[in-house]
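One structure is given below, encoded as structure tokens.
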Amino acid sequence: MSKHSLSAAAAVATFAILSSTAIAPVAAQMREKTVTVGGAPMYPSKNIIQNAVNSKDHTTLVAAVKAAGLVETLQGKGPFTVFAPTNAAFKKLPAGTVETLLKPENKGQLAKILTCHVVAANAMANAIRKMVTDDGGEHPVKTVGGCTFTAKLKGDRIQLVDGKGNVATVTIANVGQSNGVIHVIDTVLLPS
């Protein structure tokens, strides 16, 4: 082979490698039917934690999950349905609440609040809507944390009401995960 043939072959190989690395994430995103949350694609082949850490809208939730020691649990097999409050949802809490909950001495209380956002099932939005409709407009939702919230509909949107009367609306539904589903909500739900 001549020197020119080798350099042409090397250029073609380099182009092929660069093209495949640039195209791979786009192809994976198209193949996996991702949903964008917090500016990042959520891949159905990744678990809840692997996806949540990439959402710029869920940094407070991720910090809370770490502080509560729930990372390993939410990386587990599941299935889990997580109603995931955004950073803006946490900001609605009274001033200082998040900082207080993140302290090591409040780990138990934080874990209780967070696990009240988790259901031990893979509950897609259409299934939740059907349960609400079948139950005459309100359906009890029992969480891993021992809370029971009330699911209802406002138009086509799912809402959850906690024991204190706080209402969270699902703003992004059906974010598929390898171990369940995330529904993004706009309010933190609290135990009664």
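Ordered as shown in the structure tokens, chains take letters A, B, and onward, while each chain numbers its residues from 1 and ligands are numbered from 1 in the order shown.
If you count only C-alpha atoms and ignore residues fewer than 6 places along the chain from Val132 in chain A, what sits within 7 Å of it is Glu138, His139, Ala151 and Lys152 of chain A.
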(message) I'd like the contact shell of range 71-75 of chain A - 6 Å cut-off, only C-alpha atoms, skipping same-chain residues fewer than 2 positions apart - returned as a ChimeraX atom specification.
(response) /A:47,49,66,69
Preceding selection exported with C-alpha atoms as a PDB file, in the first residue's frame:
ATOM      1  CA  ASN A  47     -32.619   3.641  36.383  1.00  0.00           C
ATOM      2  CA  ILE A  49     -31.089   7.722  39.915  1.00  0.00           C
ATOM      3  CA  LYS A  66     -28.489  11.212  48.852  1.00  0.00           C
ATOM      4  CA  GLY A  69     -29.617   7.343  52.083  1.00  0.00           C
TER       5      GLY A  69
END
(request) Using only C-alpha atoms, determine which residues lie at most 8 Å from Asp57 in chain A, disregarding the query and same-chain residues fewer than 2 positions distant; provide the list as an MDAnalysis selection string. (result) chainID A and resid 37:39 55 59 86:88
(request) Check the DSSP output for the backbone and give back, as number ranges by chain, the residues of range 6-153 of chain A in strand (DSSP E or B). (result) A: 35-37, 40-42, 80-85, 118-119, 139-142, 148-153
How would the residues just chosen look if you wrote them out with N, CA and C atoms as a PDB file, in the first residue's frame?
ATOM      1  N   VAL A  35     -37.655  11.259  27.053  1.00  0.00           N
ATOM      2  CA  VAL A  35     -38.391  12.458  27.413  1.00  0.00           C
ATOM      3  C   VAL A  35     -37.350  13.400  28.008  1.00  0.00           C
ATOM      4  N   THR A  36     -37.409  14.677  27.651  1.00  0.00           N
ATOM      5  CA  THR A  36     -36.463  15.638  28.207  1.00  0.00           C
ATOM      6  C   THR A  36     -37.029  16.210  29.497  1.00  0.00           C
ATOM      7  N   VAL A  37     -36.224  16.121  30.556  1.00  0.00           N
ATOM      8  CA  VAL A  37     -36.593  16.658  31.860  1.00  0.00           C
ATOM      9  C   VAL A  37     -35.409  17.469  32.367  1.00  0.00           C
ATOM     10  N   ALA A  40     -32.300  17.567  30.077  1.00  0.00           N
ATOM     11  CA  ALA A  40     -31.551  16.343  29.775  1.00  0.00           C
ATOM     12  C   ALA A  40     -32.487  15.231  29.324  1.00  0.00           C
ATOM     13  N   PRO A  41     -32.046  14.429  28.347  1.00  0.00           N
ATOM     14  CA  PRO A  41     -32.864  13.281  27.954  1.00  0.00           C
ATOM     15  C   PRO A  41     -32.868  12.225  29.060  1.00  0.00           C
ATOM     16  N   MET A  42     -34.028  11.671  29.329  1.00  0.00           N
ATOM     17  CA  MET A  42     -34.169  10.595  30.309  1.00  0.00           C
ATOM     18  C   MET A  42     -34.278   9.290  29.524  1.00  0.00           C
ATOM     19  N   PHE A  80     -40.813   1.093  40.603  1.00  0.00           N
ATOM     20  CA  PHE A  80     -41.166   2.266  41.390  1.00  0.00           C
ATOM     21  C   PHE A  80     -41.841   3.302  40.494  1.00  0.00           C
ATOM     22  N   THR A  81     -42.830   3.957  41.059  1.00  0.00           N
ATOM     23  CA  THR A  81     -43.367   5.166  40.457  1.00  0.00           C
ATOM     24  C   THR A  81     -42.929   6.283  41.385  1.00  0.00           C
ATOM     25  N   VAL A  82     -42.173   7.239  40.849  1.00  0.00           N
ATOM     26  CA  VAL A  82     -41.689   8.357  41.651  1.00  0.00           C
ATOM     27  C   VAL A  82     -42.375   9.631  41.179  1.00  0.00           C
ATOM     28  N   PHE A  83     -43.032  10.298  42.123  1.00  0.00           N
ATOM     29  CA  PHE A  83     -43.582  11.625  41.865  1.00  0.00           C
ATOM     30  C   PHE A  83     -42.474  12.585  42.288  1.00  0.00           C
ATOM     31  N   ALA A  84     -41.785  13.142  41.297  1.00  0.00           N
ATOM     32  CA  ALA A  84     -40.534  13.872  41.513  1.00  0.00           C
ATOM     33  C   ALA A  84     -40.735  15.385  41.549  1.00  0.00           C
ATOM     34  N   PRO A  85     -40.671  15.982  42.760  1.00  0.00           N
ATOM     35  CA  PRO A  85     -40.806  17.438  42.851  1.00  0.00           C
ATOM     36  C   PRO A  85     -39.601  18.149  42.240  1.00  0.00           C
ATOM     37  N   VAL A 118     -43.040   7.899  46.551  1.00  0.00           N
ATOM     38  CA  VAL A 118     -42.733   6.677  45.809  1.00  0.00           C
ATOM     39  C   VAL A 118     -43.843   5.652  46.017  1.00  0.00           C
ATOM     40  N   VAL A 119     -44.274   5.049  44.917  1.00  0.00           N
ATOM     41  CA  VAL A 119     -45.265   3.971  44.951  1.00  0.00           C
ATOM     42  C   VAL A 119     -44.579   2.717  44.416  1.00  0.00           C
ATOM     43  N   HIS A 139     -58.937   8.732  43.785  1.00  0.00           N
ATOM     44  CA  HIS A 139     -58.365   7.404  44.030  1.00  0.00           C
ATOM     45  C   HIS A 139     -57.278   7.504  45.096  1.00  0.00           C
ATOM     46  N   PRO A 140     -57.339   6.647  46.139  1.00  0.00           N
ATOM     47  CA  PRO A 140     -56.282   6.676  47.156  1.00  0.00           C
ATOM     48  C   PRO A 140     -54.975   6.091  46.601  1.00  0.00           C
ATOM     49  N   VAL A 141     -53.872   6.777  46.872  1.00  0.00           N
ATOM     50  CA  VAL A 141     -52.552   6.339  46.425  1.00  0.00           C
ATOM     51  C   VAL A 141     -51.721   6.037  47.665  1.00  0.00           C
ATOM     52  N   LYS A 142     -51.411   4.751  47.863  1.00  0.00           N
ATOM     53  CA  LYS A 142     -50.614   4.336  49.027  1.00  0.00           C
ATOM     54  C   LYS A 142     -49.142   4.315  48.634  1.00  0.00           C
ATOM     55  N   THR A 148     -50.918   8.053  52.450  1.00  0.00           N
ATOM     56  CA  THR A 148     -51.972   7.834  51.465  1.00  0.00           C
ATOM     57  C   THR A 148     -52.388   9.194  50.956  1.00  0.00           C
ATOM     58  N   PHE A 149     -52.174   9.403  49.658  1.00  0.00           N
ATOM     59  CA  PHE A 149     -52.558  10.644  49.002  1.00  0.00           C
ATOM     60  C   PHE A 149     -53.786  10.373  48.150  1.00  0.00           C
ATOM     61  N   THR A 150     -54.433  11.426  47.716  1.00  0.00           N
ATOM     62  CA  THR A 150     -55.610  11.289  46.868  1.00  0.00           C
ATOM     63  C   THR A 150     -55.275  11.765  45.467  1.00  0.00           C
ATOM     64  N   ALA A 151     -55.433  10.871  44.496  1.00  0.00           N
ATOM     65  CA  ALA A 151     -55.249  11.244  43.089  1.00  0.00           C
ATOM     66  C   ALA A 151     -56.586  11.694  42.545  1.00  0.00           C
ATOM     67  N   LYS A 152     -56.549  12.778  41.774  1.00  0.00           N
ATOM     68  CA  LYS A 152     -57.748  13.272  41.105  1.00  0.00           C
ATOM     69  C   LYS A 152     -57.314  13.889  39.785  1.00  0.00           C
ATOM     70  N   LEU A 153     -58.278  14.318  39.018  1.00  0.00           N
ATOM     71  CA  LEU A 153     -57.976  14.926  37.716  1.00  0.00           C
ATOM     72  C   LEU A 153     -58.439  16.366  37.684  1.00  0.00           C
TER      73      LEU A 153
END
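CA of Lys77 in chain A is positioned 26.6 Å from CA of Thr187 in chain A.
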(message) Just list as a PyMOL selection string whatever in range 21-106 of chain A DSSP marks as helix (DSSP H, G or I).
(response) chain A and resi 21-32+48-52+59-67+71-74+87-91+97-101+104-106
Based on the selection just made, write C-alpha atoms of those residues as a short mmCIF file (atom, residue, chain, number, x, y, z; two decimals), in the first residue's frame.
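Done, and the output landed in result11.cif:
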data_model
loop_
_atom_site.label_atom_id
_atom_site.label_comp_id
_atom_site.auth_asym_id
_atom_site.auth_seq_id
_atom_site.Cartn_x
_atom_site.Cartn_y
_atom_site.Cartn_z
CA THR A 21 -19.60 8.88 18.51
CA ALA A 22 -21.48 12.04 17.54
CA ILE A 23 -24.44 10.10 16.15
CA ALA A 24 -24.61 7.43 18.87
CA PRO A 25 -26.34 9.58 21.56
CA VAL A 26 -28.86 10.91 19.03
CA ALA A 27 -29.53 7.41 17.72
CA ALA A 28 -29.88 6.05 21.26
CA GLN A 29 -32.24 8.88 22.15
CA MET A 30 -34.41 8.18 19.10
CA ARG A 31 -34.35 4.42 19.69
CA GLU A 32 -35.21 4.77 23.39
CA ILE A 48 -34.29 6.44 38.31
CA ILE A 49 -31.09 7.72 39.92
CA GLN A 50 -29.00 7.50 36.73
CA ASN A 51 -31.54 9.74 34.98
CA ALA A 52 -32.45 12.10 37.85
CA THR A 59 -30.84 18.95 41.94
CA THR A 60 -32.60 19.51 45.28
CA LEU A 61 -34.40 16.17 45.02
CA VAL A 62 -31.15 14.36 44.16
CA ALA A 63 -29.37 16.02 47.11
CA ALA A 64 -32.25 15.00 49.39
CA VAL A 65 -32.23 11.40 48.14
CA LYS A 66 -28.49 11.21 48.85
CA ALA A 67 -28.87 12.80 52.32
CA VAL A 71 -29.81 6.14 46.36
CA GLU A 72 -29.30 2.37 46.54
CA THR A 73 -33.04 1.77 47.00
CA LEU A 74 -34.01 3.85 43.96
CA ASN A 87 -36.41 22.55 42.54
CA ALA A 88 -39.21 25.12 42.22
CA ALA A 89 -41.50 22.80 44.21
CA PHE A 90 -38.97 22.65 47.05
CA LYS A 91 -38.69 26.46 46.97
CA THR A 97 -37.18 23.84 55.48
CA VAL A 98 -34.95 22.15 52.91
CA GLU A 99 -31.75 23.13 54.72
CA THR A 100 -33.16 21.77 58.00
CA LEU A 101 -34.28 18.50 56.40
CA PRO A 104 -27.97 14.47 59.38
CA GLU A 105 -30.14 14.56 62.51
CA ASN A 106 -33.26 14.87 60.30
#
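One distance worth recording is that between CA of Asp186 in chain A and CA of Lys92 in chain A, which is 9.2 Å.
When the distance limit is 9 Å and only C-alpha atoms are what count, the residues near Val144 in chain A, minus those fewer than 2 positions from it on the same chain, are Lys112, Thr115, Cys116, His117, Val118, Val119, Ala120, Lys142, Gly146 and Cys147 of chain A.
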